[in-house]
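The next block is structure07.cif, given as mmCIF, C-alpha atoms.
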data_protein
#
loop_
_atom_site.group_PDB
_atom_site.id
_atom_site.type_symbol
_atom_site.label_atom_id
_atom_site.label_comp_id
_atom_site.auth_asym_id
_atom_site.auth_seq_id
_atom_site.Cartn_x
_atom_site.Cartn_y
_atom_site.Cartn_z
ATOM 1 C CA MET C 28 103.188 130.160 85.778
ATOM 2 C CA LEU C 29 101.633 127.243 83.882
ATOM 3 C CA GLU C 30 104.999 125.514 83.826
ATOM 4 C CA PHE C 31 105.253 125.932 87.607
ATOM 5 C CA ILE C 32 101.805 124.349 88.087
ATOM 6 C CA ILE C 33 102.649 121.451 85.774
ATOM 7 C CA SER C 34 105.887 120.756 87.633
ATOM 8 C CA LYS C 35 104.229 120.791 91.067
ATOM 9 C CA TYR C 36 100.605 119.608 90.802
ATOM 10 C CA ASN C 37 101.487 116.001 91.716
ATOM 11 C CA PHE C 38 102.833 117.145 95.097
ATOM 12 C CA TRP C 39 99.644 119.122 95.714
ATOM 13 C CA PHE C 40 97.553 115.990 95.128
ATOM 14 C CA TYR C 41 99.673 114.113 97.674
ATOM 15 C CA VAL C 42 99.156 116.895 100.218
ATOM 16 C CA ILE C 43 95.368 116.763 99.619
ATOM 17 C CA LEU C 44 95.439 112.990 100.186
ATOM 18 C CA MET C 45 97.404 113.505 103.409
ATOM 19 C CA MET C 46 94.880 116.107 104.593
ATOM 20 C CA ILE C 47 91.991 113.670 103.972
ATOM 21 C CA GLY C 48 93.752 111.025 106.071
ATOM 22 C CA LEU C 49 94.605 113.445 108.872
ATOM 23 C CA TYR C 50 91.025 114.770 108.986
ATOM 24 C CA ALA C 51 89.641 111.216 109.217
ATOM 25 C CA MET C 52 92.072 110.360 112.030
ATOM 26 C CA LEU C 53 91.121 113.413 114.090
ATOM 27 C CA ALA C 54 87.446 114.135 113.365
ATOM 28 C CA LYS C 55 85.769 110.732 112.851
ATOM 29 C CA ARG C 56 84.508 109.147 116.069
ATOM 30 C CA ASN C 57 84.387 105.537 114.802
ATOM 31 C CA LEU C 58 87.583 103.600 115.463
ATOM 32 C CA VAL C 59 87.523 101.692 112.139
ATOM 33 C CA LYS C 60 87.156 105.038 110.333
ATOM 34 C CA LYS C 61 90.215 106.291 112.202
ATOM 35 C CA LEU C 62 92.172 103.235 111.037
ATOM 36 C CA ILE C 63 91.072 103.813 107.430
ATOM 37 C CA GLY C 64 92.276 107.389 107.774
ATOM 38 C CA MET C 65 95.622 106.161 109.090
ATOM 39 C CA ASN C 66 95.976 103.866 106.059
ATOM 40 C CA ILE C 67 95.257 106.760 103.681
ATOM 41 C CA PHE C 68 97.783 108.957 105.514
ATOM 42 C CA GLN C 69 100.478 106.262 105.276
ATOM 43 C CA THR C 70 99.777 105.698 101.588
ATOM 44 C CA ALA C 71 100.073 109.426 100.875
ATOM 45 C CA ILE C 72 103.472 109.597 102.562
ATOM 46 C CA ILE C 73 104.715 106.476 100.753
ATOM 47 C CA LEU C 74 103.473 107.988 97.479
ATOM 48 C CA PHE C 75 105.432 111.173 98.176
ATOM 49 C CA TYR C 76 108.636 109.245 98.852
ATOM 50 C CA VAL C 77 108.313 107.062 95.737
ATOM 51 C CA SER C 78 107.633 110.136 93.622
ATOM 52 C CA ILE C 79 111.009 111.627 94.615
ATOM 53 C CA GLY C 80 112.754 108.904 92.602
ATOM 54 C CA VAL C 81 110.811 109.435 89.371
ATOM 55 C CA LYS C 82 112.728 110.598 86.333
ATOM 56 C CA ALA C 83 110.678 112.079 83.502
ATOM 57 C CA GLY C 84 111.447 111.124 79.921
ATOM 58 C CA LYS C 85 112.493 107.806 78.393
ATOM 59 C CA VAL C 86 113.831 105.840 81.371
ATOM 60 C CA HIS C 87 113.498 102.135 82.173
ATOM 61 C CA VAL C 88 112.166 100.501 85.313
ATOM 62 C CA PRO C 89 115.079 99.498 87.588
ATOM 63 C CA ILE C 90 115.732 96.094 85.993
ATOM 64 C CA ILE C 91 118.910 95.787 83.952
ATOM 65 C CA ILE C 92 118.137 95.229 80.268
ATOM 66 C CA GLY C 93 119.723 92.008 79.005
ATOM 67 C CA GLY C 94 119.383 90.156 82.301
ATOM 68 C CA HIS C 95 122.089 87.865 83.602
ATOM 69 C CA GLY C 96 125.517 88.055 82.060
ATOM 70 C CA THR C 97 125.225 91.687 81.037
ATOM 71 C CA HIS C 98 128.598 93.316 81.510
ATOM 72 C CA HIS C 99 128.450 96.336 79.254
ATOM 73 C CA ALA C 100 128.667 99.734 80.895
ATOM 74 C CA ILE C 101 125.361 100.729 82.543
ATOM 75 C CA LYS C 102 124.419 104.400 82.472
ATOM 76 C CA ALA C 103 122.609 105.612 85.592
ATOM 77 C CA ALA C 104 120.527 108.113 83.599
ATOM 78 C CA ASP C 105 118.787 105.256 81.729
ATOM 79 C CA TYR C 106 117.143 103.752 84.829
ATOM 80 C CA LEU C 107 114.769 104.989 87.538
ATOM 81 C CA ASN C 108 116.108 105.661 91.011
ATOM 82 C CA PRO C 109 115.651 102.327 92.897
ATOM 83 C CA LEU C 110 116.411 103.477 96.458
ATOM 84 C CA PRO C 111 112.991 105.032 97.339
ATOM 85 C CA HIS C 112 111.296 101.880 96.019
ATOM 86 C CA VAL C 113 113.365 99.651 98.324
ATOM 87 C CA LEU C 114 112.762 101.745 101.430
ATOM 88 C CA MET C 115 109.019 102.098 100.785
ATOM 89 C CA LEU C 116 108.676 98.331 100.191
ATOM 90 C CA THR C 117 109.709 97.922 103.840
ATOM 91 C CA ALA C 118 107.295 100.678 104.903
ATOM 92 C CA ILE C 119 104.292 99.018 103.200
ATOM 93 C CA VAL C 120 104.905 95.690 104.929
ATOM 94 C CA VAL C 121 105.367 97.357 108.329
ATOM 95 C CA SER C 122 102.122 99.322 107.808
ATOM 96 C CA ILE C 123 100.263 96.022 107.366
ATOM 97 C CA ALA C 124 101.758 94.795 110.653
ATOM 98 C CA THR C 125 100.528 97.890 112.514
ATOM 99 C CA THR C 126 97.073 97.545 110.930
ATOM 100 C CA GLY C 127 96.876 93.921 112.056
ATOM 101 C CA VAL C 128 97.745 94.704 115.685
ATOM 102 C CA ALA C 129 95.327 97.663 115.683
ATOM 103 C CA LEU C 130 92.476 95.454 114.434
ATOM 104 C CA ALA C 131 93.231 92.866 117.125
ATOM 105 C CA VAL C 132 92.992 95.582 119.794
ATOM 106 C CA LEU C 133 89.773 96.805 118.132
ATOM 107 C CA ILE C 134 88.152 93.370 118.487
ATOM 108 C CA LEU C 135 89.045 93.332 122.196
ATOM 109 C CA ILE C 136 87.587 96.854 122.655
ATOM 110 C CA TYR C 137 84.332 95.757 121.012
ATOM 111 C CA ARG C 138 84.077 92.654 123.209
ATOM 112 C CA ARG C 139 84.418 94.791 126.340
ATOM 113 C CA TYR C 140 82.291 97.853 125.477
ATOM 114 C CA LYS C 141 79.937 96.488 122.736
ATOM 115 C CA THR C 142 80.508 99.615 120.637
ATOM 116 C CA LEU C 143 83.161 101.098 118.357
ATOM 117 C CA ASN C 144 82.169 104.737 118.837
ATOM 118 C CA GLU C 145 84.775 106.697 120.773
ATOM 119 C CA ASP C 146 82.282 108.967 122.566
ATOM 120 C CA GLU C 147 80.178 106.021 123.780
ATOM 121 C CA ILE C 148 83.304 104.215 125.029
ATOM 122 C CA LEU C 149 84.354 107.322 126.988
ATOM 123 C CA ALA C 150 80.814 107.678 128.428
ATOM 124 C CA ILE C 151 80.797 104.023 129.561
ATOM 125 C CA ARG C 152 84.216 104.462 131.177
ATOM 126 C CA GLN C 153 83.046 107.646 132.931
ATOM 127 C CA ALA C 154 79.905 105.915 134.233
ATOM 128 C CA GLY C 155 81.954 102.952 135.440
ATOM 129 C CA ARG C 156 84.351 105.251 137.293
ATOM 130 C CA GLU C 157 81.514 107.096 139.038
ATOM 131 C CA THR C 158 79.751 103.942 140.225
ATOM 132 C CA GLY C 159 83.047 102.341 141.243
ATOM 133 C CA ALA C 160 84.158 105.310 143.362
ATOM 134 C CA MET W 21 85.231 120.704 117.623
ATOM 135 C CA LYS W 22 85.063 119.773 113.955
ATOM 136 C CA THR W 23 85.838 123.328 112.838
ATOM 137 C CA VAL W 24 88.930 123.408 115.072
ATOM 138 C CA ILE W 25 90.102 120.128 113.525
ATOM 139 C CA LEU W 26 89.365 121.417 110.013
ATOM 140 C CA ILE W 27 91.353 124.593 110.652
ATOM 141 C CA PHE W 28 94.260 122.530 112.043
ATOM 142 C CA VAL W 29 94.224 120.183 109.038
ATOM 143 C CA ILE W 30 94.113 123.083 106.556
ATOM 144 C CA LEU W 31 96.958 124.775 108.453
ATOM 145 C CA ALA W 32 99.097 121.622 108.284
ATOM 146 C CA GLY W 33 98.265 121.157 104.598
ATOM 147 C CA GLY W 34 99.076 124.786 103.854
ATOM 148 C CA LEU W 35 102.437 124.429 105.564
ATOM 149 C CA LEU W 36 103.228 121.379 103.416
ATOM 150 C CA LEU W 37 102.053 123.187 100.258
ATOM 151 C CA TYR W 38 104.405 126.030 101.186
ATOM 152 C CA GLY W 39 107.148 123.405 101.553
ATOM 153 C CA THR W 40 106.568 122.039 98.044
ATOM 154 C CA MET W 41 107.438 125.452 96.565
ATOM 155 C CA ASP W 42 111.113 124.715 97.188
ATOM 156 C CA MET W 43 111.003 121.092 95.986
ATOM 157 C CA PRO W 44 112.651 120.270 92.656
ATOM 158 C CA ALA W 45 110.142 119.797 89.825
ATOM 159 C CA TRP W 46 108.284 116.475 89.778
ATOM 160 C CA GLY W 47 110.271 113.953 87.725
ATOM 161 C CA ASP W 48 113.356 116.140 87.414
ATOM 162 C CA PRO W 49 116.264 113.822 86.390
ATOM 163 C CA ASN W 50 118.807 116.244 87.883
ATOM 164 C CA SER W 51 117.258 116.538 91.361
ATOM 165 C CA PRO W 52 119.595 115.797 94.322
ATOM 166 C CA ALA W 53 117.828 112.490 95.093
ATOM 167 C CA ASN W 54 118.516 111.222 91.581
ATOM 168 C CA THR W 55 122.136 112.357 91.281
ATOM 169 C CA TYR W 56 123.739 111.918 94.694
ATOM 170 C CA VAL W 57 123.743 108.260 95.878
ATOM 171 C CA SER W 58 121.626 106.227 93.488
ATOM 172 C CA PRO W 59 123.915 106.256 90.365
ATOM 173 C CA ARG W 60 126.459 104.171 92.243
ATOM 174 C CA TYR W 61 123.837 101.519 93.071
ATOM 175 C CA ILE W 62 122.518 101.425 89.498
ATOM 176 C CA GLU W 63 125.954 101.148 87.900
ATOM 177 C CA GLU W 64 127.532 98.660 90.314
ATOM 178 C CA ALA W 65 124.624 96.457 91.422
ATOM 179 C CA MET W 66 124.914 94.106 88.426
ATOM 180 C CA GLU W 67 128.645 93.672 88.904
ATOM 181 C CA ALA W 68 128.505 93.283 92.682
ATOM 182 C CA THR W 69 125.453 91.033 93.113
ATOM 183 C CA GLU W 70 124.733 89.453 89.669
ATOM 184 C CA THR W 71 121.050 90.364 90.054
ATOM 185 C CA PRO W 72 119.374 92.179 87.149
ATOM 186 C CA ASN W 73 116.590 93.556 89.363
ATOM 187 C CA ILE W 74 118.240 96.418 91.239
ATOM 188 C CA VAL W 75 115.426 96.721 93.797
ATOM 189 C CA THR W 76 115.841 93.081 94.815
ATOM 190 C CA ALA W 77 119.619 93.447 94.845
ATOM 191 C CA VAL W 78 119.450 96.393 97.266
ATOM 192 C CA LEU W 79 116.664 94.830 99.377
ATOM 193 C CA ALA W 80 118.191 91.401 99.891
ATOM 194 C CA ASP W 81 121.900 92.023 99.391
ATOM 195 C CA TYR W 82 123.043 95.536 100.279
ATOM 196 C CA ARG W 83 120.357 95.863 102.959
ATOM 197 C CA GLY W 84 120.027 92.235 104.038
ATOM 198 C CA TYR W 85 120.176 93.069 107.757
ATOM 199 C CA ASP W 86 117.479 95.696 107.279
ATOM 200 C CA THR W 87 115.190 93.091 105.734
ATOM 201 C CA MET W 88 115.966 90.709 108.607
ATOM 202 C CA GLY W 89 114.902 93.436 111.055
ATOM 203 C CA GLU W 90 111.703 93.904 109.075
ATOM 204 C CA THR W 91 111.012 90.186 109.394
ATOM 205 C CA THR W 92 111.466 90.558 113.161
ATOM 206 C CA VAL W 93 108.858 93.352 113.147
ATOM 207 C CA ILE W 94 106.356 91.151 111.282
ATOM 208 C CA PHE W 95 107.050 88.255 113.664
ATOM 209 C CA THR W 96 106.508 90.513 116.694
ATOM 210 C CA ALA W 97 103.228 91.773 115.226
ATOM 211 C CA ALA W 98 102.038 88.219 114.572
ATOM 212 C CA ILE W 99 102.910 87.143 118.132
ATOM 213 C CA ALA W 100 101.140 90.227 119.538
ATOM 214 C CA CYS W 101 97.997 89.426 117.500
ATOM 215 C CA ALA W 102 98.069 85.804 118.630
ATOM 216 C CA LEU W 103 98.427 86.806 122.300
ATOM 217 C CA LEU W 104 95.681 89.455 122.095
ATOM 218 C CA LEU W 105 93.179 87.227 120.320
ATOM 219 C CA ARG W 106 93.954 84.126 122.394
ATOM 220 C CA GLY W 107 90.777 82.310 123.394
ATOM 221 C CA ILE W 108 88.306 84.506 121.468
ATOM 222 C CA GLY W 109 86.752 81.570 119.600
ATOM 223 C CA SER W 110 86.567 79.238 122.595
ATOM 224 C CA ALA W 111 85.012 81.979 124.780
ATOM 225 C CA ARG W 112 82.163 82.402 122.284
ATOM 226 C CA LYS W 113 81.599 78.641 122.287
ATOM 227 C CA GLU W 114 81.263 78.655 126.079
ATOM 228 C CA GLU W 115 78.703 81.469 125.863
ATOM 229 C CA ASP W 116 76.686 79.438 123.369
ATOM 230 C CA GLU W 117 76.738 76.346 125.539
ATOM 231 C CA SER W 118 75.737 78.103 128.763
ATOM 232 C CA MET E 10 104.920 108.210 81.766
ATOM 233 C CA ILE E 11 101.716 109.807 80.424
ATOM 234 C CA TRP E 12 100.553 112.842 82.362
ATOM 235 C CA GLN E 13 96.875 112.509 81.344
ATOM 236 C CA LEU E 14 96.739 108.983 82.795
ATOM 237 C CA ASP E 15 98.602 110.173 85.884
ATOM 238 C CA PHE E 16 96.097 113.004 86.422
ATOM 239 C CA LEU E 17 93.067 110.736 85.920
ATOM 240 C CA ILE E 18 94.309 108.114 88.385
ATOM 241 C CA LEU E 19 95.108 110.810 90.967
ATOM 242 C CA ILE E 20 91.522 112.126 90.667
ATOM 243 C CA PHE E 21 90.162 108.581 91.157
ATOM 244 C CA VAL E 22 92.398 108.075 94.190
ATOM 245 C CA ILE E 23 91.109 111.276 95.828
ATOM 246 C CA ILE E 24 87.480 110.293 95.087
ATOM 247 C CA CYS E 25 88.013 106.832 96.613
ATOM 248 C CA ALA E 26 89.661 108.318 99.718
ATOM 249 C CA VAL E 27 86.806 110.793 100.298
ATOM 250 C CA ALA E 28 84.201 108.063 99.739
ATOM 251 C CA ALA E 29 85.967 105.646 102.100
ATOM 252 C CA ILE E 30 85.878 108.053 105.031
ATOM 253 C CA ASN E 31 82.326 109.337 104.405
ATOM 254 C CA ILE E 32 80.319 106.123 103.920
ATOM 255 C CA ARG E 33 78.407 105.072 107.043
ATOM 256 C CA ASP E 34 78.479 101.335 106.347
ATOM 257 C CA LEU E 35 81.883 100.100 107.500
ATOM 258 C CA LEU E 36 81.977 97.077 105.161
ATOM 259 C CA SER E 37 81.437 99.341 102.134
ATOM 260 C CA ALA E 38 84.109 101.712 103.425
ATOM 261 C CA VAL E 39 86.611 98.868 103.686
ATOM 262 C CA ILE E 40 85.853 97.590 100.184
ATOM 263 C CA ILE E 41 86.302 101.126 98.829
ATOM 264 C CA LEU E 42 89.627 101.238 100.672
ATOM 265 C CA GLY E 43 90.564 98.119 98.671
ATOM 266 C CA ALA E 44 89.645 99.927 95.451
ATOM 267 C CA PHE E 45 91.756 102.861 96.649
ATOM 268 C CA SER E 46 94.717 100.508 97.087
ATOM 269 C CA PHE E 47 94.249 99.102 93.575
ATOM 270 C CA PHE E 48 94.216 102.609 92.081
ATOM 271 C CA MET E 49 97.377 103.314 94.061
ATOM 272 C CA CYS E 50 98.865 100.147 92.558
ATOM 273 C CA LEU E 51 98.048 101.457 89.051
ATOM 274 C CA LEU E 52 99.641 104.785 89.942
ATOM 275 C CA TRP E 53 102.862 103.076 91.002
ATOM 276 C CA THR E 54 103.020 100.951 87.878
ATOM 277 C CA GLU E 55 102.559 104.134 85.902
ATOM 278 C CA MET E 56 105.424 105.776 87.833
ATOM 279 C CA GLY E 57 107.699 102.793 87.100
ATOM 280 C CA ALA E 58 107.885 101.418 90.654
ATOM 281 C CA ILE E 59 106.825 97.906 89.698
ATOM 282 C CA ASP E 60 108.171 96.163 92.808
ATOM 283 C CA VAL E 61 106.221 98.535 95.033
ATOM 284 C CA ALA E 62 103.164 98.000 92.822
ATOM 285 C CA PHE E 63 103.040 94.245 93.179
ATOM 286 C CA THR E 64 103.819 94.388 96.886
ATOM 287 C CA GLU E 65 100.885 96.801 97.249
ATOM 288 C CA ALA E 66 98.631 94.571 95.132
ATOM 289 C CA SER E 67 99.378 91.449 97.150
ATOM 290 C CA VAL E 68 99.971 92.760 100.666
ATOM 291 C CA ALA E 69 98.152 96.071 101.115
ATOM 292 C CA THR E 70 95.131 95.270 98.963
ATOM 293 C CA ALA E 71 94.518 91.594 99.651
ATOM 294 C CA ILE E 72 95.766 91.020 103.197
ATOM 295 C CA SER E 73 94.737 94.416 104.579
ATOM 296 C CA THR E 74 91.188 94.135 103.194
ATOM 297 C CA LEU E 75 90.996 90.568 104.506
ATOM 298 C CA LEU E 76 92.044 91.681 108.001
ATOM 299 C CA PHE E 77 89.560 94.568 107.970
ATOM 300 C CA VAL E 78 86.682 92.338 106.805
ATOM 301 C CA GLY E 79 87.559 89.774 109.475
ATOM 302 C CA ALA E 80 87.581 92.425 112.187
ATOM 303 C CA ILE E 81 84.230 93.843 111.001
ATOM 304 C CA TYR E 82 82.755 90.338 110.962
ATOM 305 C CA LYS E 83 83.812 89.952 114.595
ATOM 306 C CA THR E 84 82.460 93.377 115.602
ATOM 307 C CA THR E 85 79.786 95.503 113.900
ATOM 308 C CA ARG E 86 79.318 97.152 110.510
ATOM 309 C CA ARG E 87 77.172 100.059 111.686
ATOM 310 C CA SER E 88 78.752 103.468 112.145
ATOM 311 C CA LYS E 89 77.388 106.867 113.107
ATOM 312 C CA ASP E 90 79.812 108.902 110.993
#
Encoded form (structure tokens):
Amino acid sequence: MLEFIISKYNFWFYVILMMIGLYAMLAKRNLVKKLIGMNIFQTAIILFYVSIGVKAGKVHVPIIIGGHGTHHAIKAADYLNPLPHVLMLTAIVVSIATTGVALAVLILIYRRYKTLNEDEILAIRQAGRETGA
Amino acid sequence: MKTVILIFVILAGGLLLYGTMDMPAWGDPNSPANTYVSPRYIEEAMEATETPNIVTAVLADYRGYDTMGETTVIFTAAIACALLLRGIGSARKEEDES
Amino acid sequence: MIWQLDFLILIFVIICAVAAINIRDLLSAVIILGAFSFFMCLLWTEMGAIDVAFTEASVATAISTLLFVGAIYKTTRRSKD
């Protein structure tokens, strides 16, 4: 039982982190808080993917020892799995792009409604629709 | 409303926790992800690309087109930001003057 | 990899995440999000993903916090929840 917990507790922490992010995205009414929640959610998922490639024990980071000109046989068991790192590198950079566009839209929303609270924005829109109709 | 959201979040988290029961142990060197595709990259990257850093070799050499597409995404995001925020500073200046 | 260090950093990451979504001042929340990203960076270095770690340290921590602070400067730092 203890061995099972030791082999799995990292995944449980990632799930807790994901739940925090999801709760912030759904329950918080402030738009910046929602964005912070989205960042936490993304980080949890990236963390999960990177953790798939971890090998326990004495392994090296994925840089060939000896550098240029090394032509001896390389054993795959000596190095970490590099593929999750590569794919998640792309994911991190794309997440920054989405955050940037979201913040630009946020600034425009604030200029129009003078608030960042979702309920107040919906109330202003409702009032505007009633007076307009 | 908050209790409904909390129940939904706990339900989703519980489903994922149930999913981790079938995952290989954390850091297992013999898990499918560590034994299926990646040994080929680790063993042949040095010979094929002459780059000691395997992550860079895969990012810029094996997956060069993927990285080019990523650059397109960043460029699109930058253009979108520039178009959305066009004239924000000058508009404030006009408000100050009037 | 040292499991005690791993466990400690995971606890810090959870604390930072909970604090970031519960603080009412948005500027403080964003700065705590930066601290969260730095702890994440430590976690990745500890896992051996050094390329991901320095991308996180430069891009996600610096540029993301900068964008958030800029947006809050343009809008408001008060929040009701």
Practice problem: With a distance threshold of 8 Å and counting all atoms listed in the file, extract the residues of chain C near chain E and express them as an MDAnalysis selection string. | Solution: chainID C and resid 40 43:44 47 51 55:57 59:60 63:64 67 77:78 81 83:84 87:88 107 112:113 115:116 119:120 123 126:127 130:131 133:134 137:138 142:144
Exercise. For chain W, report every residue with an atom at most 12 Å from chain E (counting only C-alpha atoms), formatted as a list of chain:residue names.
Key: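 Close enough to count are W:Trp46, W:Gly47, W:Asn73, W:Ile74, W:Val75, W:Thr76, W:Ala77, W:Leu79, W:Cys101, W:Leu105, W:Ile108, W:Gly109, W:Arg112.
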Using the chain letters and numbers from the file, which residues does the PyMOL selection byres ((chain C) within 6 of (chain W)) grab, as a short mmCIF file (atom, residue, chain, number, x, y, z; two decimals) with C-alpha atoms, keeping the file's coordinate frame?
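Saved the output as selection_15.cif:
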data_model
loop_
_atom_site.label_atom_id
_atom_site.label_comp_id
_atom_site.auth_asym_id
_atom_site.auth_seq_id
_atom_site.Cartn_x
_atom_site.Cartn_y
_atom_site.Cartn_z
CA SER C 34 105.89 120.76 87.63
CA VAL C 81 110.81 109.44 89.37
CA LYS C 82 112.73 110.60 86.33
CA ALA C 83 110.68 112.08 83.50
CA PRO C 89 115.08 99.50 87.59
CA ILE C 90 115.73 96.09 85.99
CA ILE C 91 118.91 95.79 83.95
CA GLY C 94 119.38 90.16 82.30
CA ILE C 101 125.36 100.73 82.54
CA ALA C 103 122.61 105.61 85.59
CA PRO C 109 115.65 102.33 92.90
CA VAL C 113 113.36 99.65 98.32
CA ALA C 124 101.76 94.80 110.65
CA VAL C 128 97.74 94.70 115.68
CA ALA C 131 93.23 92.87 117.12
#
Quiz item: atom CA of C:Pro111 to atom CA of C:Ile79: how many Å, to one decimal?
Solution: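 Between atom CA of C:Pro111 and atom CA of C:Ile79 the gap is 7.4 Å.
For the atom pair formed by atom CA of C:His99 and atom CA of W:Tyr82, the distance is 21.7 Å, given to one decimal.
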Size and centre in Å, one decimal, axis-aligned box, all listed stretch 54-67 of chain E atoms plus 5 Å per side, as JSON:
{"center_x": 103.4, "center_y": 98.6, "center_z": 91.6, "size_x": 19.5, "size_y": 24.3, "size_z": 21.3}
